[in-house]
file upload-v8.txt (compact mmCIF, C-alpha atoms)
# COMPACT_ATOMS: atom_id res chain seq x y z
CA MET O 1 -106.33 76.69 -69.15
CA ASN O 2 -107.02 75.22 -65.70
CA LYS O 3 -109.30 72.20 -65.89
CA ASN O 4 -109.48 72.11 -62.08
CA CYS O 5 -111.57 75.28 -62.22
CA PRO O 6 -115.22 74.53 -61.31
CA TYR O 7 -116.25 77.08 -63.94
CA PHE O 8 -114.29 75.46 -66.77
CA GLU O 9 -116.14 75.61 -70.09
CA LEU O 10 -115.27 74.56 -73.63
CA ASN O 11 -114.56 78.13 -74.66
CA CYS O 12 -112.06 78.56 -71.83
CA ASN O 13 -109.24 77.33 -74.09
CA LYS O 14 -109.49 80.73 -75.81
CA LEU O 15 -108.73 82.58 -72.59
CA GLN O 16 -105.51 83.27 -70.77
CA CYS O 17 -105.62 81.55 -67.38
CA ASP O 18 -105.95 82.31 -64.65
CA CYS O 19 -108.99 84.34 -65.62
CA PRO O 20 -110.68 86.78 -63.19
CA LYS O 21 -113.39 84.20 -62.48
CA TYR O 22 -110.91 81.52 -61.41
CA LYS O 23 -108.68 83.97 -59.53
CA ALA O 24 -111.72 85.18 -57.53
CA TYR O 25 -112.67 81.56 -56.79
CA VAL O 26 -109.21 80.92 -55.33
CA ASP O 27 -108.81 84.21 -53.47
CA ALA O 28 -112.26 84.06 -51.84
CA LYS O 29 -110.96 81.05 -49.92
CA ASN O 30 -108.08 83.10 -48.50
CA PRO O 31 -109.19 84.23 -44.98
CA ASP O 32 -107.27 87.51 -45.20
CA ILE O 33 -108.83 88.47 -48.52
CA PHE O 34 -112.26 87.24 -47.41
CA HIS O 35 -112.25 89.37 -44.26
CA ARG O 36 -110.85 92.36 -46.17
CA VAL O 37 -113.86 92.26 -48.53
CA ILE O 38 -116.31 91.89 -45.63
CA LYS O 39 -114.75 94.84 -43.76
CA GLU O 40 -114.43 97.16 -46.77
CA ASN O 41 -118.09 96.67 -47.67
CA GLY O 42 -119.31 97.13 -44.10
CA PHE O 43 -121.17 93.82 -43.94
CA ASP O 44 -122.48 92.86 -40.48
CA LEU O 45 -122.31 89.06 -40.37
CA THR O 46 -124.27 89.02 -37.08
CA GLN O 47 -127.45 90.16 -38.85
CA SER O 48 -130.32 87.72 -39.29
CA THR O 49 -129.89 85.55 -42.39
CA PHE O 50 -132.57 87.21 -44.53
CA ASP O 51 -131.52 90.77 -43.65
CA LEU O 52 -127.82 90.02 -44.20
CA ILE O 53 -128.37 88.35 -47.57
CA MET O 54 -130.70 91.13 -48.70
CA SER O 55 -128.21 93.85 -47.69
CA MET O 56 -125.26 92.06 -49.32
CA GLN O 57 -127.19 91.51 -52.54
CA HIS O 58 -128.39 95.11 -52.60
CA SER O 59 -124.80 96.29 -52.16
CA PHE O 60 -123.54 94.02 -54.96
CA ALA O 61 -126.32 94.95 -57.40
CA SER O 62 -125.77 98.65 -56.71
CA ARG O 63 -122.16 98.34 -57.88
CA MET O 64 -123.33 97.73 -61.44
CA ARG O 65 -126.74 99.28 -61.94
CA LYS O 66 -129.50 101.46 -60.52
CA VAL O 67 -131.66 99.38 -58.17
CA ASP O 68 -133.69 101.95 -56.23
CA GLY O 69 -136.37 104.34 -57.47
CA LEU O 70 -136.97 102.40 -60.68
CA THR O 71 -139.72 103.48 -63.03
CA LYS O 72 -142.52 101.05 -63.81
CA GLU O 73 -140.92 100.33 -67.19
CA GLU O 74 -137.53 99.68 -65.56
CA GLN O 75 -139.15 97.35 -63.04
CA ASP O 76 -140.80 95.39 -65.84
CA ILE O 77 -137.47 95.02 -67.61
CA TRP O 78 -135.43 94.00 -64.57
CA ILE O 79 -138.01 91.65 -63.08
CA ASP O 80 -138.15 89.87 -66.42
CA LYS O 81 -134.33 89.76 -66.63
CA TYR O 82 -134.02 88.23 -63.16
CA LEU O 83 -136.67 85.63 -63.94
CA VAL O 84 -134.57 84.59 -66.93
CA CYS O 85 -131.52 84.39 -64.65
CA ILE O 86 -133.40 82.16 -62.19
CA GLU O 87 -134.51 79.92 -65.03
CA ASP O 88 -130.90 79.60 -66.21
CA GLU O 89 -129.67 78.74 -62.72
CA VAL O 90 -132.40 76.09 -62.38
CA ARG O 91 -131.08 74.55 -65.57
CA GLU O 92 -127.62 74.43 -63.98
CA VAL O 93 -129.08 72.74 -60.89
CA ARG O 94 -130.51 70.03 -63.14
CA GLU O 95 -127.05 69.42 -64.63
CA HIS O 96 -125.92 68.11 -61.24
CA LEU O 97 -128.76 65.59 -60.90
CA ASN O 98 -128.51 61.97 -62.00
CA ILE O 99 -131.41 62.20 -64.41
CA TYR O 100 -129.69 62.31 -67.80
CA CYS O 101 -127.77 59.60 -69.61
CA ASP O 102 -124.91 62.07 -70.15
CA ASP O 103 -124.49 62.84 -66.43
CA LYS O 104 -121.41 64.71 -65.29
CA LYS O 105 -118.90 62.52 -63.50
CA TYR O 106 -117.62 63.51 -60.08
CA ASN O 107 -114.86 62.12 -57.93
CA SER O 108 -117.40 61.56 -55.17
CA ASP O 109 -120.97 62.28 -54.15
CA ASP O 110 -119.56 64.95 -51.84
CA ASP O 111 -118.08 66.80 -54.83
CA ARG O 112 -121.41 66.66 -56.62
CA ASN O 113 -123.33 67.86 -53.57
CA ILE O 114 -120.98 70.82 -53.07
CA GLU O 115 -121.52 72.00 -56.63
CA LEU O 116 -125.28 71.41 -56.37
CA LYS O 117 -125.51 73.55 -53.23
CA LYS O 118 -123.59 76.37 -54.91
CA GLU O 119 -125.98 76.33 -57.87
CA VAL O 120 -128.97 76.57 -55.51
CA ILE O 121 -127.35 79.53 -53.77
CA ASP O 122 -126.80 81.14 -57.17
CA ILE O 123 -130.59 81.05 -57.54
CA LEU O 124 -130.85 82.87 -54.20
CA HIS O 125 -128.75 85.76 -55.56
CA PHE O 126 -131.29 86.38 -58.30
CA VAL O 127 -134.32 85.75 -56.07
CA MET O 128 -133.08 88.53 -53.79
CA GLU O 129 -132.45 90.88 -56.72
CA LEU O 130 -135.95 90.04 -57.96
CA PHE O 131 -137.30 91.23 -54.60
CA ILE O 132 -135.07 94.32 -54.59
CA VAL O 133 -136.21 95.67 -57.96
CA GLY O 134 -139.81 95.15 -56.86
CA ASN O 135 -139.17 97.17 -53.66
CA ALA O 136 -140.04 94.14 -51.52
CA GLY O 137 -138.43 93.68 -48.13
CA GLN O 138 -138.67 90.91 -45.56
CA LYS O 139 -141.88 92.41 -44.15
CA ASP O 140 -143.59 92.32 -47.56
CA ILE O 141 -142.62 88.70 -48.23
CA LYS O 142 -143.67 87.64 -44.72
CA LYS O 143 -147.13 89.12 -45.17
CA TYR O 144 -147.95 86.83 -48.09
CA TYR O 145 -145.82 83.89 -46.95
CA ASN O 146 -148.33 83.67 -44.10
CA GLU O 147 -150.85 82.47 -46.69
CA PHE O 148 -148.67 79.35 -47.02
CA ILE O 149 -147.58 78.93 -43.40
CA ALA O 150 -148.35 81.14 -40.39
CA ILE O 151 -145.15 82.46 -38.82
CA ASP O 152 -144.02 84.81 -36.08
CA LYS O 153 -143.62 88.26 -37.62
CA ASP O 154 -140.48 88.99 -35.56
CA GLU O 155 -138.48 85.91 -36.57
CA ASP O 156 -135.93 85.70 -39.37
CA LEU O 157 -137.86 84.59 -42.44
CA ILE O 158 -135.27 82.15 -43.80
CA HIS O 159 -134.87 80.39 -40.44
CA THR O 160 -138.61 80.25 -39.79
CA ALA O 161 -139.52 79.07 -43.28
CA TYR O 162 -136.81 76.41 -43.36
CA GLN O 163 -137.93 74.97 -40.02
CA ALA O 164 -141.61 75.12 -41.00
CA GLN O 165 -141.13 73.47 -44.40
CA LYS O 166 -138.49 70.82 -43.69
CA ASP O 167 -140.95 68.19 -42.40
CA LYS O 168 -143.48 68.77 -45.19
CA VAL O 169 -141.51 69.06 -48.41
CA PHE O 170 -141.20 65.34 -49.24
CA TYR O 171 -144.91 64.72 -48.85
CA TYR O 172 -145.69 67.93 -50.74
CA LEU O 173 -143.70 66.74 -53.75
CA ASN O 174 -144.14 62.97 -53.55
CA GLY O 175 -147.38 62.22 -51.72
CA ASN O 176 -147.26 58.72 -50.22
CA ARG O 177 -144.66 57.52 -52.75
CA LYS O 178 -141.10 56.83 -51.64
CA PRO O 179 -139.06 59.78 -52.93
CA ASN O 180 -136.02 59.51 -55.17
CA SER O 181 -133.76 62.37 -54.03
CA ASP O 182 -132.78 63.58 -57.49
CA ILE O 183 -136.32 63.31 -58.86
CA THR O 184 -137.61 65.14 -55.80
CA ILE O 185 -135.10 67.96 -56.34
CA LEU O 186 -136.13 68.07 -60.00
CA LYS O 187 -139.78 68.42 -58.97
CA ALA O 188 -138.88 71.20 -56.54
CA SER O 189 -137.02 73.07 -59.29
CA CYS O 190 -140.07 72.76 -61.57
CA LYS O 191 -142.33 74.10 -58.81
CA LEU O 192 -139.97 77.06 -58.42
CA LEU O 193 -140.28 77.82 -62.14
CA ASP O 194 -144.07 77.59 -61.84
CA ALA O 195 -143.92 80.22 -59.07
CA CYS O 196 -141.69 82.40 -61.26
CA SER O 197 -144.38 82.31 -63.95
CA LEU O 198 -146.77 83.88 -61.41
CA VAL O 199 -144.35 86.79 -61.06
CA ARG O 200 -144.09 87.25 -64.82
CA GLN O 201 -147.88 87.55 -64.98
CA GLN O 202 -147.64 90.73 -62.90
CA ILE O 203 -145.42 92.66 -65.33
CA SER O 204 -145.64 93.94 -68.90
CA TRP O 205 -143.24 91.68 -70.78
CA LYS O 206 -145.12 90.90 -74.00
CA HIS O 207 -143.87 93.24 -76.70
CA TRP O 208 -147.05 92.69 -78.73
CA LYS O 209 -149.37 93.78 -75.92
CA LYS O 210 -150.10 97.28 -74.62
CA PRO O 211 -148.27 97.60 -71.27
CA ASN O 212 -150.12 98.16 -68.00
CA LYS O 213 -149.56 101.57 -66.44
CA PHE O 214 -149.17 100.20 -62.91
CA ILE O 215 -147.94 97.13 -61.06
CA ASN O 216 -150.36 95.54 -58.61
CA TYR O 217 -147.96 95.15 -55.70
CA ASP O 218 -150.31 92.96 -53.66
CA SER O 219 -150.36 90.46 -56.51
CA LEU O 220 -146.62 90.84 -57.16
CA TYR O 221 -145.67 90.26 -53.53
CA ARG O 222 -148.01 87.28 -53.30
CA ALA O 223 -146.15 85.81 -56.29
CA TYR O 224 -142.82 86.71 -54.67
CA ALA O 225 -143.88 84.78 -51.56
CA ALA O 226 -144.65 81.76 -53.75
CA VAL O 227 -141.16 81.98 -55.27
CA PHE O 228 -139.65 82.19 -51.78
CA TYR O 229 -141.69 79.23 -50.55
CA GLU O 230 -140.60 77.02 -53.44
CA PHE O 231 -137.00 78.16 -53.15
CA VAL O 232 -136.91 77.20 -49.46
CA ASN O 233 -138.18 73.73 -50.40
CA LEU O 234 -135.23 73.43 -52.78
CA CYS O 235 -132.88 74.45 -49.95
CA VAL O 236 -134.41 71.89 -47.58
CA LEU O 237 -133.72 69.16 -50.15
CA THR O 238 -130.11 70.15 -50.81
CA MET O 239 -128.49 71.69 -47.72
CA ASP O 240 -128.61 72.37 -43.99
CA GLU O 241 -130.13 75.66 -42.89
CA SER O 242 -126.78 77.09 -41.75
CA GLU O 243 -125.31 76.47 -45.20
CA ILE O 244 -127.73 78.90 -46.81
CA LYS O 245 -125.97 81.74 -45.01
CA SER O 246 -122.41 80.43 -45.14
CA ILE O 247 -122.41 79.42 -48.82
CA TYR O 248 -124.16 82.65 -49.83
CA ILE O 249 -121.60 84.83 -48.02
CA GLN O 250 -118.69 82.93 -49.58
CA LYS O 251 -120.14 83.21 -53.08
CA ASN O 252 -120.99 86.90 -52.63
CA VAL O 253 -117.39 87.64 -51.67
CA GLU O 254 -116.27 85.68 -54.72
CA ASN O 255 -118.60 87.72 -56.93
CA ILE O 256 -117.22 90.98 -55.52
CA LEU O 257 -113.68 89.81 -56.25
CA ARG O 258 -114.68 88.90 -59.81
CA GLN O 259 -115.71 92.51 -60.37
CA GLU O 260 -112.51 93.81 -58.77
CA TYR O 261 -110.46 91.60 -61.09
CA GLY O 262 -112.23 92.85 -64.20
CA TYR O 263 -114.69 90.04 -64.89
call {"tool": "encode", "arguments": {"input": "upload-v8.txt", "output": "structure tokens"}}
result
Amino acid sequence: MNKNCPYFELNCNKLQCDCPKYKAYVDAKNPDIFHRVIKENGFDLTQSTFDLIMSMQHSFASRMRKVDGLTKEEQDIWIDKYLVCIEDEVREVREHLNIYCDDKKYNSDDDRNIELKKEVIDILHFVMELFIVGNAGQKDIKKYYNEFIAIDKDEDLIHTAYQAQKDKVFYYLNGNRKPNSDITILKASCKLLDACSLVRQQISWKHWKKPNKFINYDSLYRAYAAVFYEFVNLCVLTMDESEIKSIYIQKNVENILRQEYGY
């Protein structure tokens, strides 16, 4: 086993290293392999951040499952699944905060911050898939994001939202109190989960209740916009705007390689 692997878990001693997950982690850092994956998948890295991330996530999701033309029942199932995934990734974000007595130990704050950023970007993967299975594009999210903050309809949504929210997030979460960075990130993660609960209210997920025949897309997209708003706050607290794009692309390439290697 390789204890230098950032994905090392207790059950890894049962596996033969290097596993596909670790091999993909290493190879994604190789420029030749990285650019080969980008070229083979036809990704245009000059696209706006939101459009690029949406297209890359759509491509990745399509490798494993049907994502377009879902029935109402399929949408209910997949929206619920992705909400569970987001909740799990939020839990992993909390593992990197100094809020528990059994905190992980890192060689430096830089090491901790790198892993924290990657966990936040993992949330972004599932936020985008949440939008995809609900047939929501940038235009749909923008429409209801404007209920939070008015933005220019022609600008990239991630750039515009990050710039609009970066000067407000600390007051939004802490009021006039001096913020503790880890506690503030914890609050932001809780607000994101609250927004996710608004999405779950729009689908039929209770097995003991007669399902609705239709999804109210106005209500769903309004809830999606709330998820996006809270996610951007989490980004503001943990990384620079440019890192949203760069870390996402790197992790997406790594995820593609995992699948190629049989993960």
call {"tool": "closest_residue", "arguments": {"input": "upload-v8.txt", "among": "O:Asp32, O:Asp51, O:Asp140, O:Asp76", "to": "Lys206 (chain O)", "atoms": "all atoms listed in the file"}}
result
O:Asp76
call {"tool": "residues_around", "arguments": {"input": "upload-v8.txt", "residues": "region 224-233 of chain O", "least_positions_apart": "4", "cutoff": "7 Å", "atoms": "only C-alpha atoms", "output": "list of chain:residue names"}}
result
O:Ile141, O:Tyr144, O:Tyr145, O:Ala161, O:Tyr162, O:Gln165, O:Val169, O:Ala188, O:Lys191, O:Leu192, O:Ala195, O:Cys196, O:Val199, O:Leu220, O:Leu237
call {"tool": "axis_aligned_box", "arguments": {"input": "upload-v8.txt", "around": "region 95-101 of chain O", "padding_each_side": "3 Å", "output": "JSON"}}
result
{"center_x": -128.7, "center_y": 64.5, "center_z": -65.3, "size_x": 11.5, "size_y": 15.8, "size_z": 14.7}
call {"tool": "closest_residue", "arguments": {"input": "upload-v8.txt", "among": "O:Glu89, O:Glu260, O:Glu254, O:Asp110", "to": "Tyr22 (chain O)", "atoms": "all atoms listed in the file"}}
result
O:Glu254
call {"tool": "residues_around", "arguments": {"input": "upload-v8.txt", "residues": "Glu119 (chain O)", "least_positions_apart": "6", "cutoff": "9 Å", "atoms": "all atoms listed in the file", "output": "mmCIF file with C-alpha atoms, in the coordinates of the input"}}
result
data_model
loop_
_atom_site.group_PDB
_atom_site.id
_atom_site.type_symbol
_atom_site.label_atom_id
_atom_site.label_comp_id
_atom_site.auth_asym_id
_atom_site.auth_seq_id
_atom_site.Cartn_x
_atom_site.Cartn_y
_atom_site.Cartn_z
ATOM 1 C CA GLU O 89 -129.670 78.740 -62.720
ATOM 2 C CA VAL O 90 -132.400 76.090 -62.380
ATOM 3 C CA GLU O 92 -127.620 74.430 -63.980
ATOM 4 C CA VAL O 93 -129.080 72.740 -60.890
ATOM 5 C CA HIS O 96 -125.920 68.110 -61.240
#
call {"tool": "closest_residue", "arguments": {"input": "upload-v8.txt", "among": "O:Asp167, O:Glu155, O:Asp194, O:Asp27", "to": "Val253 (chain O)", "atoms": "only C-alpha atoms"}}
result
O:Asp27
call {"tool": "residues_around", "arguments": {"input": "upload-v8.txt", "residues": "Glu129 (chain O)", "least_positions_apart": "4", "cutoff": "7 Å", "atoms": "only C-alpha atoms", "output": "ChimeraX atom specification"}}
result
/O:57,125,133
call {"tool": "write_last_selection", "arguments": {"input": "upload-v8.txt", "atoms": "C-alpha atoms", "output": "PDB file, in the frame of the given file"}}
result
ATOM      1  CA  GLN O  57    -127.190  91.510 -52.540  1.00  0.00           C
ATOM      2  CA  HIS O 125    -128.750  85.760 -55.560  1.00  0.00           C
ATOM      3  CA  VAL O 133    -136.210  95.670 -57.960  1.00  0.00           C
TER       4      VAL O 133
END
call {"tool": "closest_residue", "arguments": {"input": "upload-v8.txt", "among": "O:Leu193, O:Met54, O:Val120, O:Ile185", "to": "Gln138 (chain O)", "atoms": "all atoms listed in the file"}}
result
O:Met54
call {"tool": "closest_residue", "arguments": {"input": "upload-v8.txt", "among": "O:Ala164, O:Ala223, O:Ile99, O:Leu234", "to": "Leu124 (chain O)", "atoms": "all atoms listed in the file"}}
result
O:Leu234
call {"tool": "closest_residue", "arguments": {"input": "upload-v8.txt", "among": "O:Ile151, O:Tyr25, O:Ile244, O:Ile79", "to": "Ser197 (chain O)", "atoms": "only C-alpha atoms"}}
result
O:Ile79
call {"tool": "atom_distance", "arguments": {"input": "upload-v8.txt", "atom1": "CA of Val37 (chain O)", "atom2": "CA of Thr49 (chain O)"}}
result
18.4 Å
call {"tool": "residues_near_point", "arguments": {"input": "upload-v8.txt", "point": "(-145.8, 92.8, -56.8)", "cutoff": "9 Å", "atoms": "all atoms listed in the file", "output": "list in words"}}
result
Phe131, Gly134, Asn135, Ala136, Val199, Gln202, Ile203, Ile215, Asn216, Tyr217, Asp218, Ser219, Leu220, Tyr221, Arg222, Ala223 and Tyr224 of chain O
call {"tool": "atom_distance", "arguments": {"input": "upload-v8.txt", "atom1": "CA of Thr71 (chain O)", "atom2": "CA of Lys143 (chain O)"}}
result
24.1 Å
call {"tool": "residues_around", "arguments": {"input": "upload-v8.txt", "residues": "Lys66 (chain O)", "least_positions_apart": "4", "cutoff": "12 Å", "atoms": "all atoms listed in the file", "output": "list in words"}}
result
His58, Ser59, Phe60, Ala61, Ser62, Leu70, Thr71, Glu74, Gln75, Trp78, Glu129, Ile132 and Val133 of chain O
call {"tool": "residues_near_point", "arguments": {"input": "upload-v8.txt", "point": "(-121.5, 85.8, -39.4)", "cutoff": "12 Å", "atoms": "all atoms listed in the file", "output": "number ranges by chain"}}
result
O: 35, 38, 43-49, 51-53, 242-250
call {"tool": "atom_distance", "arguments": {"input": "upload-v8.txt", "atom1": "CA of Ile256 (chain O)", "atom2": "CA of Val127 (chain O)"}}
result
17.9 Å
